[in-house]
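Working notes, structure below.
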Amino acid sequence: MTPIIELRDFKKTYKTGEIEVHAVRGVNLTVQAGEFVAVMGASGSGKSTLMNTIGCLDRPTSGAYLLDGVNVGRLQRDQLADLRNQKIGFVFQGFNLLSRTSASENVELPMLYRRPAVPAAEQRRRALESLTKVGLGQRGDHTPNQLSGGQQQRVAIARALVNTPKLLLADEPTGNLDSRTSIEIMGIFQELNRGGMTIVMVTHELDVARYAKRMVVMRDGRIVTDQAVEGMSSAQEELARLDAEQKAVNLAP
Amino acid sequence: MIILASIRLALRALRRNLLRTLLTMLGIIIGVAAVISVVSIGNGAKKQVEAQIATLGQNVILVLSGNVSRGGFSMGFGSAGTLTQPDLEAIRKEVEGVEGASPEVRVFSQLANGNQNANVQVSGVSADYLSIRAWPLKSGNNFTEQDVRGATKVAIIGQTTKKTLFGDSDAVGQSIRIKNAPFTIVGELAAKGMNMMGSDQDDIVLVPFTSALKRLAGGTSFRSISVQAVDAKLVPGVQHDLDDLLRQRHKIQDGRDPDFLIRTQQEISNVATSTSRVLTVLLGSVAGVSLVVGGIGIMNIMLVSVTERTREIGVRLAIGARTRDIMMQFLFEAIALSVIGGIIGIGLGAWISGRLSGVMGSPTVVAANSILIAFGSSALIGIVFGYFPALKAARLDPIEALRFE
Ligand SMILES: Nc1ncnc2c1ncn2[C@@H]1O[C@H](COP(=O)(O)OP(=O)(O)OP(=O)(O)O)[C@@H](O)[C@H]1O
Ligand SMILES: [Mg+2]
């Protein structure tokens with residue numbers, strides 16, 4: 001079967017004036033359909049650079065990147081845009097929702113750029129379906145500033161899912177969230193993964209990485225560790241345990 | 001992304017920042033309103049002049065006495081008339097395509113009917129005059145060629161003068177005294193009303209030009225002769241032949257300035273409208289400049305907006321917007337700004353024109369084509385001045401745009 005992600009000796013070099021920054025110095029990575037990968041590493045180790053390339057926001061300086069069998073290095077700007085639209089869902093650390101725009105309109109956004117066009121009624125139906133998946137079916141009319149951080153990130157996930165992508169990419173999705181909300185988001189990711197969604201996620205926290213099935217650690221633009229997560233956490237169990245503990249001190253009802 | 005969606009997106013973005021939107025539009029609103037009202041004044045003036053020229057009659061060529069010098073004609077033209085009765089007869093006989101010809105000898109005279117007095121313009125004309133000016137009679141008859149040849153004391157009276165001197169009773173057959181000479185009224189002119197300048201065209205008395213020269217004005221020459229061509233197509237030929245004939249008759253050598261001036265109706269109206277046209281163009285271009293300034297205002301705000309919304313653009317690019325989609329979004333926003341501004345401006349301009357015509361007492365004409373032009377140019381301004389900001393937005397790098405703080 002074709003892997004979803006196939007990176008061969010991927011390098012990325014940024015030139016700022018005279019100085020060359022080798023952000024990624026040769027990465028080989030293959031991710032099959034249905035995997036859930038956590039990418040970890042110190043600040044500046046090249047995680048975001050890797051994710052941007054995987055997400056078709058950028059092209060490799062050298063080496064090859066095949067997304068679902070398509071060689072991305074040869075594609076033009078607009079072809080990359082179409083690929084992102086059809087095959088990739090993004091979740092960002094800062095949510096990046098459009099302000100003063102309702103949750104459902106935010107979720108509809110990727111369908112606006114879908115080719116061929118999606119009829120308006122179908123757009124609304126799919127947005128609602130996507131919001132329901134993340135537990136926000138009733139909040140479609142709310143604007144981002146009427147939602148909590150966790151809820152905003154859920155809307156962002158609903159937006160990422162609405163075009164039924166092959167790959168969900170998340171760069172520090174829990175970076176702006178408290179620990180309980182983080183676990184809830186991981187719960188959504190695990191459930192999506194159980195449904196067959198391939199997920200690659202960058203995180204600084206080992207706790208969060210443990211919800212993934214596979215862990216990749218980067219250092220200085222290279223992969224230094226690539227292994228299955230032992231003793232994978234279950235967000236469902238964690239949440240149940242947290243609830244029990246909170247009940248004991250009357251934090252939760 | 002379909003165009004309709006782009007328009008919806010643009011309108012929503014504009015609604016979100018209503019005050020800024022209105023302020024940005026203000027430049028275009030003022031510019032378009034200025035253009036519309038200035039052009040409407042110009043159009044009104046042009047209509048006015050055209051209407052005046054039209055009262056001269058159809059296919060009329062004016063021969064004016066006077067000498068033309070370089071750069072115009074000397075001020076005293078017509079004071080010493082150089083056109084004579086033999087000239088008039090020669091024109092009638094020798095120039096082909098002439099329907100009729102009439103001099104006009106104008107004298108202001110005291111008129112009297114019994115103890116009713118009036119100071120009225122008396123015009124000495126030929127029998128062709130009424131048909132040249134397409135002026136029908138209400139009752140009675142025109143005077144004849146015999147009357148002209150014999151310098152008979154007959155007169156045709158205008159409606160206003162008739163009312164002054166005779167009230168409601170019939171004037172035909174009655175007698176009036178012009179400068180104490182008794183004239184018999186043979187016809188009553190149909191009412192023509194005010195001309196566009198506001199003077200009453202019906203306050204007039206027409207007499208044979210021979211009688212006017214002999215009994216009222218003195219002298220033997222005319223200041224002007226109106227010549228009517230049979231057909232509009234013949235006007236240039238008649239004009240040319242008139243020039244030849246009069247040069248020959250007045251013994252003007254080739255290359256010398258003649259002692260007369262020939263003007264077609266078209267030329268007269270051109271001269272008359274050119275002044276108002278120059279003014280319109282001048283004021284119009286000032287107004288046009290304010291349109292451009294409005295366009296620059298739009299560009300300025302669009303650039304600010306692109307910078308403010310860099311992150312939004314980054315998100316749109318990340319989720320699959322093509323370069324063209326972003327381009328369209330911002331271009332339509334600029335076009336919507338200028339077109340809506342333009343529509344408001346057209347409304348405002350039409351309103352101002354209405355007020356102006358009331359204040360100035362002269363008509364203003366808001367022509368359909370000036371509305372179309374204003375609409376078109378505001379759309380064009382949106383495209384021209386929105387293009388650069390839209391391009392800037394569309395060319396953003398998605399990664400950098402997403403990282404933008
Ligand atoms: N556009 C750019 N121009 C120049 N250098 C860049 C650019 N983007 C990233 N870099 C450099 O590449 C290196 C890797 O950056 P990257 O953002 O991938 O790190 P990261 O692992 O995501 O770090 P963090 O955990 O802080 O997000 C850094 O040294 C960074 O300064
Ligand atoms: Mg990073």
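Every chain in the structure tokens has a letter given in the order shown (A, B, ...), and although residue numbers restart at 1 in each chain, ligands are simply numbered from 1 in the order shown.
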| request: Determine which residues of segment 163-287 of chain B receive a DSSP assignment of helix (DSSP H, G or I), computed from the backbone, and state them as JSON, numbers by chain. | output: {"B": [163, 164, 165, 166, 209, 210, 211, 212, 213, 214, 215, 216, 217, 232, 233, 234, 235, 236, 237, 238, 239, 240, 241, 242, 243, 244, 245, 246, 247, 248, 249, 265, 266, 267, 268, 269, 270, 271, 272, 273, 274, 275, 276, 277, 278, 279, 280, 281, 282, 283, 284, 285, 286, 287]}
| Residues at most 9 Å from ligand 1, using only C-alpha atoms and all ligand atoms? Could they come as JSON, numbers by chain? | {"A": [12, 13, 14, 15, 16, 20, 21, 22, 23, 24, 40, 41, 42, 43, 44, 45, 46, 47, 48, 49, 50, 51, 52, 171, 172, 202, 203, 204, 218, 219, 220, 221], "B": [399, 400]}
| said: Can you work out which residues from chain A touch chain B at a cut-off of 9 Å (counting only C-alpha atoms) and hand them back as a ChimeraX atom specification? | reply: /A:52,55-58,77-86,88-90,96-100,109-110,112-117,160
Can I get the selected residues back with N, CA, C and O atoms, as a short mmCIF file (atom, residue, chain, number, x, y, z; two decimals), in the first residue's frame?
```cif
data_model
loop_
_atom_site.label_atom_id
_atom_site.label_comp_id
_atom_site.auth_asym_id
_atom_site.auth_seq_id
_atom_site.Cartn_x
_atom_site.Cartn_y
_atom_site.Cartn_z
N ASN A 52 5.63 21.85 7.95
CA ASN A 52 5.25 22.72 6.83
C ASN A 52 5.45 22.01 5.50
O ASN A 52 4.66 22.19 4.57
N GLY A 55 2.87 19.36 5.17
CA GLY A 55 1.59 20.00 4.90
C GLY A 55 1.52 20.71 3.56
O GLY A 55 0.56 21.44 3.29
N CYS A 56 2.54 20.55 2.74
CA CYS A 56 2.56 21.15 1.39
C CYS A 56 2.49 22.67 1.42
O CYS A 56 2.03 23.30 0.46
N LEU A 57 2.91 23.26 2.53
CA LEU A 57 2.97 24.72 2.58
C LEU A 57 4.29 25.18 2.01
O LEU A 57 4.48 26.35 1.70
N ASP A 58 5.23 24.25 1.89
CA ASP A 58 6.58 24.58 1.45
C ASP A 58 7.13 23.36 0.71
O ASP A 58 6.61 22.25 0.86
N ARG A 77 2.47 26.47 -7.10
CA ARG A 77 1.79 27.06 -5.96
C ARG A 77 0.31 26.67 -5.88
O ARG A 77 -0.18 26.24 -4.83
N ASP A 78 -0.41 26.83 -6.98
CA ASP A 78 -1.84 26.54 -6.96
C ASP A 78 -2.13 25.04 -6.86
O ASP A 78 -3.14 24.63 -6.28
N GLN A 79 -1.22 24.22 -7.43
CA GLN A 79 -1.41 22.78 -7.31
C GLN A 79 -1.21 22.35 -5.86
O GLN A 79 -1.93 21.49 -5.35
N LEU A 80 -0.25 22.98 -5.20
CA LEU A 80 -0.05 22.71 -3.78
C LEU A 80 -1.30 23.10 -2.99
O LEU A 80 -1.72 22.39 -2.08
N ALA A 81 -1.87 24.25 -3.37
CA ALA A 81 -3.08 24.72 -2.68
C ALA A 81 -4.20 23.69 -2.82
O ALA A 81 -4.89 23.36 -1.85
N ASP A 82 -4.38 23.16 -4.02
CA ASP A 82 -5.43 22.16 -4.24
C ASP A 82 -5.17 20.90 -3.41
O ASP A 82 -6.09 20.30 -2.86
N LEU A 83 -3.88 20.53 -3.34
CA LEU A 83 -3.51 19.33 -2.58
C LEU A 83 -3.83 19.53 -1.09
O LEU A 83 -4.39 18.65 -0.44
N ARG A 84 -3.49 20.71 -0.58
CA ARG A 84 -3.79 21.02 0.83
C ARG A 84 -5.28 20.97 1.05
O ARG A 84 -5.77 20.46 2.06
N ASN A 85 -6.02 21.52 0.09
CA ASN A 85 -7.46 21.59 0.24
C ASN A 85 -8.10 20.20 0.30
O ASN A 85 -9.02 19.96 1.06
N GLN A 86 -7.57 19.28 -0.52
CA GLN A 86 -8.22 17.98 -0.65
C GLN A 86 -7.69 16.92 0.30
O GLN A 86 -8.41 16.04 0.72
N ILE A 88 -5.29 17.45 3.11
CA ILE A 88 -4.70 17.77 4.41
C ILE A 88 -5.63 18.64 5.24
O ILE A 88 -6.26 19.56 4.73
N GLY A 89 -5.69 18.32 6.53
CA GLY A 89 -6.38 19.19 7.46
C GLY A 89 -5.37 19.73 8.45
O GLY A 89 -4.54 18.99 8.97
N PHE A 90 -5.42 21.07 8.69
CA PHE A 90 -4.46 21.69 9.60
C PHE A 90 -5.13 22.08 10.92
O PHE A 90 -6.22 22.63 10.94
N ASN A 96 -6.31 29.92 14.95
CA ASN A 96 -6.44 30.60 13.65
C ASN A 96 -7.84 30.53 13.04
O ASN A 96 -8.02 30.25 11.87
N LEU A 97 -8.83 30.82 13.89
CA LEU A 97 -10.19 30.95 13.35
C LEU A 97 -10.40 32.39 12.90
O LEU A 97 -9.73 33.30 13.41
N LEU A 98 -11.30 32.60 11.96
CA LEU A 98 -11.61 33.97 11.55
C LEU A 98 -12.50 34.59 12.61
O LEU A 98 -13.54 34.04 12.97
N SER A 99 -12.06 35.75 13.12
CA SER A 99 -12.83 36.40 14.18
C SER A 99 -14.12 36.96 13.59
O SER A 99 -14.23 37.19 12.39
N ARG A 100 -15.09 37.20 14.46
CA ARG A 100 -16.38 37.75 14.06
C ARG A 100 -17.03 36.95 12.93
O ARG A 100 -17.75 37.48 12.09
N LEU A 109 -15.27 27.14 5.56
CA LEU A 109 -14.23 27.83 4.77
C LEU A 109 -13.48 26.94 3.77
O LEU A 109 -13.35 27.29 2.60
N PRO A 110 -12.98 25.75 4.18
CA PRO A 110 -12.24 24.93 3.20
C PRO A 110 -13.10 24.52 2.01
O PRO A 110 -12.58 24.33 0.91
N LEU A 112 -15.21 26.39 0.56
CA LEU A 112 -15.28 27.55 -0.33
C LEU A 112 -14.25 27.42 -1.45
O LEU A 112 -14.46 27.90 -2.56
N TYR A 113 -13.13 26.76 -1.13
CA TYR A 113 -12.05 26.66 -2.10
C TYR A 113 -11.99 25.29 -2.75
O TYR A 113 -11.04 24.95 -3.43
N ARG A 114 -13.02 24.48 -2.51
CA ARG A 114 -13.08 23.14 -3.07
C ARG A 114 -13.42 23.21 -4.56
O ARG A 114 -14.28 23.98 -4.96
N ARG A 115 -12.72 22.44 -5.35
CA ARG A 115 -13.04 22.35 -6.76
C ARG A 115 -13.33 20.90 -7.11
O ARG A 115 -12.49 20.04 -6.79
N PRO A 116 -14.46 20.55 -7.70
CA PRO A 116 -15.56 21.44 -8.08
C PRO A 116 -16.30 21.98 -6.86
O PRO A 116 -16.23 21.41 -5.78
N ALA A 117 -17.05 23.09 -7.08
CA ALA A 117 -17.70 23.80 -5.98
C ALA A 117 -18.72 22.91 -5.26
O ALA A 117 -19.34 22.05 -5.87
N ALA A 160 -10.69 21.38 9.96
CA ALA A 160 -9.67 20.54 9.33
C ALA A 160 -10.28 19.27 8.75
O ALA A 160 -9.76 18.72 7.78
#
```
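Excluding Met186 of chain A and any residue on its chain fewer than 2 positions from it, the residues at most 9 Å away by only C-alpha atoms are Thr174, Thr181, Ser182, Ile183, Glu184, Ile188, Phe189, Gln190, Glu191, Val208, Tyr211, Ala212, Ser234 and Ala235 of chain A.
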Write the residues you've just listed into a file as a compact mmCIF listing (two decimals), in the first residue's frame, and include all heavy atoms for each of them.
```txt
# COMPACT_ATOMS: atom_id res chain seq x y z
N THR A 174 -2.09 21.60 21.52
CA THR A 174 -2.49 21.82 22.92
C THR A 174 -1.63 22.89 23.58
O THR A 174 -1.73 23.12 24.78
CB THR A 174 -2.37 20.52 23.73
OG1 THR A 174 -0.99 20.10 23.69
CG2 THR A 174 -3.23 19.42 23.14
N THR A 181 -8.24 20.24 29.12
CA THR A 181 -8.70 20.50 27.75
C THR A 181 -7.79 19.79 26.76
O THR A 181 -8.25 19.26 25.75
CB THR A 181 -8.73 22.02 27.47
OG1 THR A 181 -9.27 22.67 28.62
CG2 THR A 181 -9.56 22.34 26.28
N SER A 182 -6.48 19.78 27.09
CA SER A 182 -5.53 19.08 26.22
C SER A 182 -5.92 17.62 26.08
O SER A 182 -5.91 17.06 24.98
CB SER A 182 -4.11 19.16 26.79
OG SER A 182 -3.71 20.50 26.86
N ILE A 183 -6.28 17.01 27.20
CA ILE A 183 -6.65 15.59 27.15
C ILE A 183 -7.91 15.41 26.32
O ILE A 183 -8.02 14.47 25.52
CB ILE A 183 -6.85 15.04 28.58
CG1 ILE A 183 -5.53 15.16 29.37
CG2 ILE A 183 -7.29 13.59 28.54
CD1 ILE A 183 -5.68 14.87 30.85
N GLU A 184 -8.85 16.35 26.46
CA GLU A 184 -10.07 16.25 25.65
C GLU A 184 -9.75 16.29 24.15
O GLU A 184 -10.30 15.52 23.36
CB GLU A 184 -11.03 17.40 25.99
CG GLU A 184 -11.72 17.22 27.34
CD GLU A 184 -12.52 18.45 27.76
OE1 GLU A 184 -12.59 19.42 26.97
OE2 GLU A 184 -13.04 18.43 28.88
N ILE A 188 -10.28 13.48 21.15
CA ILE A 188 -10.84 13.61 19.80
C ILE A 188 -9.89 13.01 18.77
O ILE A 188 -10.30 12.26 17.88
CB ILE A 188 -11.12 15.10 19.48
CG1 ILE A 188 -12.24 15.63 20.39
CG2 ILE A 188 -11.51 15.27 18.02
CD1 ILE A 188 -12.44 17.13 20.30
N PHE A 189 -8.59 13.31 18.94
CA PHE A 189 -7.59 12.78 18.00
C PHE A 189 -7.59 11.25 18.01
O PHE A 189 -7.57 10.61 16.97
CB PHE A 189 -6.19 13.32 18.35
CG PHE A 189 -5.89 14.68 17.77
CD1 PHE A 189 -6.92 15.56 17.45
CD2 PHE A 189 -4.58 15.09 17.55
CE1 PHE A 189 -6.65 16.81 16.92
CE2 PHE A 189 -4.31 16.34 17.02
CZ PHE A 189 -5.35 17.21 16.71
N GLN A 190 -7.61 10.68 19.21
CA GLN A 190 -7.59 9.22 19.31
C GLN A 190 -8.82 8.60 18.66
O GLN A 190 -8.73 7.58 17.98
CB GLN A 190 -7.49 8.80 20.78
CG GLN A 190 -6.08 9.00 21.34
CD GLN A 190 -5.90 8.36 22.70
OE1 GLN A 190 -6.84 8.31 23.50
NE2 GLN A 190 -4.68 7.89 22.98
N GLU A 191 -9.95 9.26 18.86
CA GLU A 191 -11.16 8.73 18.27
C GLU A 191 -11.12 8.80 16.74
O GLU A 191 -11.49 7.86 16.04
CB GLU A 191 -12.36 9.50 18.80
CG GLU A 191 -13.66 8.74 18.64
CD GLU A 191 -14.81 9.48 19.32
OE1 GLU A 191 -14.63 9.85 20.50
OE2 GLU A 191 -15.84 9.69 18.66
N VAL A 208 1.57 14.60 26.39
CA VAL A 208 0.69 14.69 25.23
C VAL A 208 1.11 13.69 24.17
O VAL A 208 0.28 13.02 23.55
CB VAL A 208 0.68 16.14 24.67
CG1 VAL A 208 -0.10 16.21 23.37
CG2 VAL A 208 0.09 17.09 25.70
N TYR A 211 -0.23 10.03 23.92
CA TYR A 211 -1.54 9.66 23.34
C TYR A 211 -1.39 9.16 21.91
O TYR A 211 -2.31 8.59 21.34
CB TYR A 211 -2.53 10.83 23.39
CG TYR A 211 -2.91 11.20 24.81
CD1 TYR A 211 -2.30 12.26 25.47
CD2 TYR A 211 -3.88 10.45 25.48
CE1 TYR A 211 -2.63 12.58 26.77
CE2 TYR A 211 -4.22 10.77 26.79
CZ TYR A 211 -3.59 11.83 27.44
OH TYR A 211 -3.93 12.13 28.72
N ALA A 212 -0.19 9.41 21.31
CA ALA A 212 0.06 8.93 19.95
C ALA A 212 0.52 7.49 19.99
O ALA A 212 0.83 6.93 21.04
CB ALA A 212 1.10 9.82 19.28
N SER A 234 -4.72 6.40 27.24
CA SER A 234 -6.05 6.52 26.65
C SER A 234 -6.71 7.76 27.23
O SER A 234 -6.86 7.90 28.43
CB SER A 234 -6.88 5.28 26.97
OG SER A 234 -8.26 5.60 26.87
N ALA A 235 -7.08 8.67 26.37
CA ALA A 235 -7.67 9.93 26.83
C ALA A 235 -8.96 9.67 27.59
O ALA A 235 -9.25 10.33 28.59
CB ALA A 235 -7.93 10.84 25.63
```
| said: Taking 3 positions as the minimum chain separation for residues in the same chain, which residues sit within 6 Å of segment 63-69 of chain A when counting only C-alpha atoms? Answer as a PyMOL selection string. | reply: chain A and resi 4-10+72
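Of note, atom CA of Leu242 of chain B and atom CA of Leu213 of chain B are spaced 23.5 Å apart.
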| query | Where in segment 206-280 of chain B does DSSP assign strand (DSSP E), given as a VMD selection string? | reply | chain B and resid 206 to 208 221 to 222 224 to 229 260 to 264
Could you save the residues just selected, with C-alpha atoms, as a PDB file, in the first residue's frame?
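So the final result, stored in selection_25.pdb, reads:
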```pdb
ATOM      1  CA  LEU B 206     -41.950  92.850 -38.577  1.00  0.00           C
ATOM      2  CA  VAL B 207     -41.970  95.225 -41.546  1.00  0.00           C
ATOM      3  CA  PRO B 208     -40.480  94.978 -45.060  1.00  0.00           C
ATOM      4  CA  SER B 221     -27.060  98.537 -46.086  1.00  0.00           C
ATOM      5  CA  PHE B 222     -27.664  95.592 -43.742  1.00  0.00           C
ATOM      6  CA  SER B 224     -26.762  90.603 -41.672  1.00  0.00           C
ATOM      7  CA  ILE B 225     -28.498  88.347 -44.139  1.00  0.00           C
ATOM      8  CA  SER B 226     -29.918  84.958 -43.185  1.00  0.00           C
ATOM      9  CA  VAL B 227     -29.765  82.499 -46.050  1.00  0.00           C
ATOM     10  CA  GLN B 228     -31.680  79.235 -45.883  1.00  0.00           C
ATOM     11  CA  ALA B 229     -30.430  76.250 -47.850  1.00  0.00           C
ATOM     12  CA  PHE B 260     -18.107  89.995 -44.506  1.00  0.00           C
ATOM     13  CA  LEU B 261     -18.315  86.885 -42.455  1.00  0.00           C
ATOM     14  CA  ILE B 262     -20.183  83.706 -43.268  1.00  0.00           C
ATOM     15  CA  ARG B 263     -21.214  81.420 -40.462  1.00  0.00           C
ATOM     16  CA  THR B 264     -23.322  78.307 -40.627  1.00  0.00           C
TER      17      THR B 264
END
```
| request: Point out the residue among A:Asn106, A:Val31, A:Gly26, A:Ala170 with the least atom-to-atom distance to ligand 2, counting only C-alpha atoms and all ligand atoms. | output: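 When distances to ligand 2 are compared using only C-alpha atoms and all ligand atoms, the smallest one comes from A:Ala170.
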| task | Quick one: everything within 8 Å of segment 362-370 of chain B, counting only C-alpha atoms, minus sequence neighbours fewer than 6 positions away in the same chain. Send it as a VMD selection string. | result | chain B and resid 36 to 37 39 to 45 48 350 353 to 354 356
Expected file contents, prior selection, N, CA and C atoms, as a compact mmCIF listing (two decimals), in the first residue's frame:
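Output saved as result_11.txt:
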```txt
# COMPACT_ATOMS: atom_id res chain seq x y z
N ILE B 36 -20.81 64.37 -11.61
CA ILE B 36 -22.20 64.34 -12.08
C ILE B 36 -22.79 65.75 -12.11
N SER B 37 -22.56 66.52 -11.04
CA SER B 37 -23.23 67.82 -11.02
C SER B 37 -22.56 68.80 -11.99
N VAL B 39 -21.03 68.06 -14.80
CA VAL B 39 -21.42 67.70 -16.17
C VAL B 39 -22.88 68.06 -16.42
N SER B 40 -23.71 67.95 -15.38
CA SER B 40 -25.12 68.28 -15.59
C SER B 40 -25.29 69.78 -15.84
N ILE B 41 -24.46 70.60 -15.19
CA ILE B 41 -24.52 72.04 -15.46
C ILE B 41 -24.08 72.30 -16.90
N GLY B 42 -22.98 71.64 -17.29
CA GLY B 42 -22.47 71.78 -18.65
C GLY B 42 -23.52 71.37 -19.68
N ASN B 43 -24.16 70.23 -19.42
CA ASN B 43 -25.19 69.75 -20.34
C ASN B 43 -26.35 70.73 -20.43
N GLY B 44 -26.73 71.27 -19.28
CA GLY B 44 -27.82 72.24 -19.26
C GLY B 44 -27.48 73.45 -20.11
N ALA B 45 -26.25 73.96 -19.94
CA ALA B 45 -25.81 75.13 -20.70
C ALA B 45 -25.82 74.82 -22.19
N GLN B 48 -29.25 74.77 -23.58
CA GLN B 48 -29.75 76.13 -23.66
C GLN B 48 -29.27 76.80 -24.95
N ALA B 350 -27.01 63.86 -8.48
CA ALA B 350 -28.30 64.18 -9.11
C ALA B 350 -29.08 65.15 -8.22
N SER B 353 -27.51 68.56 -8.45
CA SER B 353 -27.86 69.19 -9.72
C SER B 353 -29.25 69.81 -9.64
N GLY B 354 -30.17 69.05 -9.04
CA GLY B 354 -31.53 69.56 -8.89
C GLY B 354 -31.55 70.86 -8.10
N LEU B 356 -29.02 72.93 -7.63
CA LEU B 356 -28.28 73.95 -8.36
C LEU B 356 -29.16 74.62 -9.40
```
| task | Between atom CA of Ala156 of chain A and atom CA of Asp141 of chain A, measure the distance and give it in Å to one decimal. | result |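 Spanning atom CA of Ala156 of chain A to atom CA of Asp141 of chain A is a straight-line distance of 14.6 Å.
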Within 9 Å of Met215 of chain A, counting only C-alpha atoms, which residues show up once you throw out same-chain ones fewer than 3 positions away? Write them as a tab-separated table (two decimals) with N, CA and C atoms, in the first residue's frame, please.
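That gives us selection-v2.tsv:
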```
chain	number	residue	atom	x	y	z
A	36	PHE	N	-0.64	7.34	14.02
A	36	PHE	CA	-0.79	8.55	14.83
A	36	PHE	C	0.59	8.85	15.39
A	37	VAL	N	1.26	9.86	14.78
A	37	VAL	CA	2.67	10.12	15.08
A	37	VAL	C	2.80	11.41	15.88
A	38	ALA	N	3.56	11.37	16.94
A	38	ALA	CA	3.91	12.59	17.68
A	38	ALA	C	5.35	12.95	17.35
A	39	VAL	N	5.59	14.20	16.95
A	39	VAL	CA	6.94	14.68	16.68
A	39	VAL	C	7.35	15.56	17.84
A	40	MET	N	8.52	15.21	18.44
A	40	MET	CA	9.00	15.99	19.57
A	40	MET	C	10.38	16.52	19.28
A	209	ALA	N	2.45	13.56	24.00
A	209	ALA	CA	2.96	12.63	22.98
A	209	ALA	C	2.52	11.20	23.27
A	210	ARG	N	2.29	10.88	24.53
A	210	ARG	CA	1.93	9.50	24.90
A	210	ARG	C	0.56	9.06	24.37
A	212	ALA	N	-0.19	9.41	21.31
A	212	ALA	CA	0.06	8.93	19.95
A	212	ALA	C	0.52	7.49	19.99
A	225	THR	N	15.24	9.71	17.29
A	225	THR	CA	14.47	8.59	17.84
A	225	THR	C	13.23	8.41	17.00
A	226	ASP	N	12.87	7.17	16.71
A	226	ASP	CA	11.64	6.89	15.98
A	226	ASP	C	11.15	5.54	16.46
A	227	GLN	N	10.17	5.56	17.37
A	227	GLN	CA	9.74	4.30	17.97
A	227	GLN	C	8.27	4.31	18.34
A	228	ALA	N	7.73	3.12	18.55
A	228	ALA	CA	6.34	3.03	18.99
A	228	ALA	C	6.25	3.52	20.43
A	229	VAL	N	5.09	4.13	20.78
A	229	VAL	CA	4.90	4.60	22.15
A	229	VAL	C	4.55	3.41	23.03
```
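Across A:Ser102, A:Asn163, A:Gln93, A:Ser233, the tightest approach to ligand 2 is made by A:Gln93 when counting only C-alpha atoms and all ligand atoms.
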| said: When you look at segment 103-109 of chain B with a cut-off of 6 Å (counting only C-alpha atoms), what residues show up, excluding the ones that are within fewer than 6 positions of it in the same chain? I need them as a ChimeraX atom specification. | reply: /B:119-125,224-225
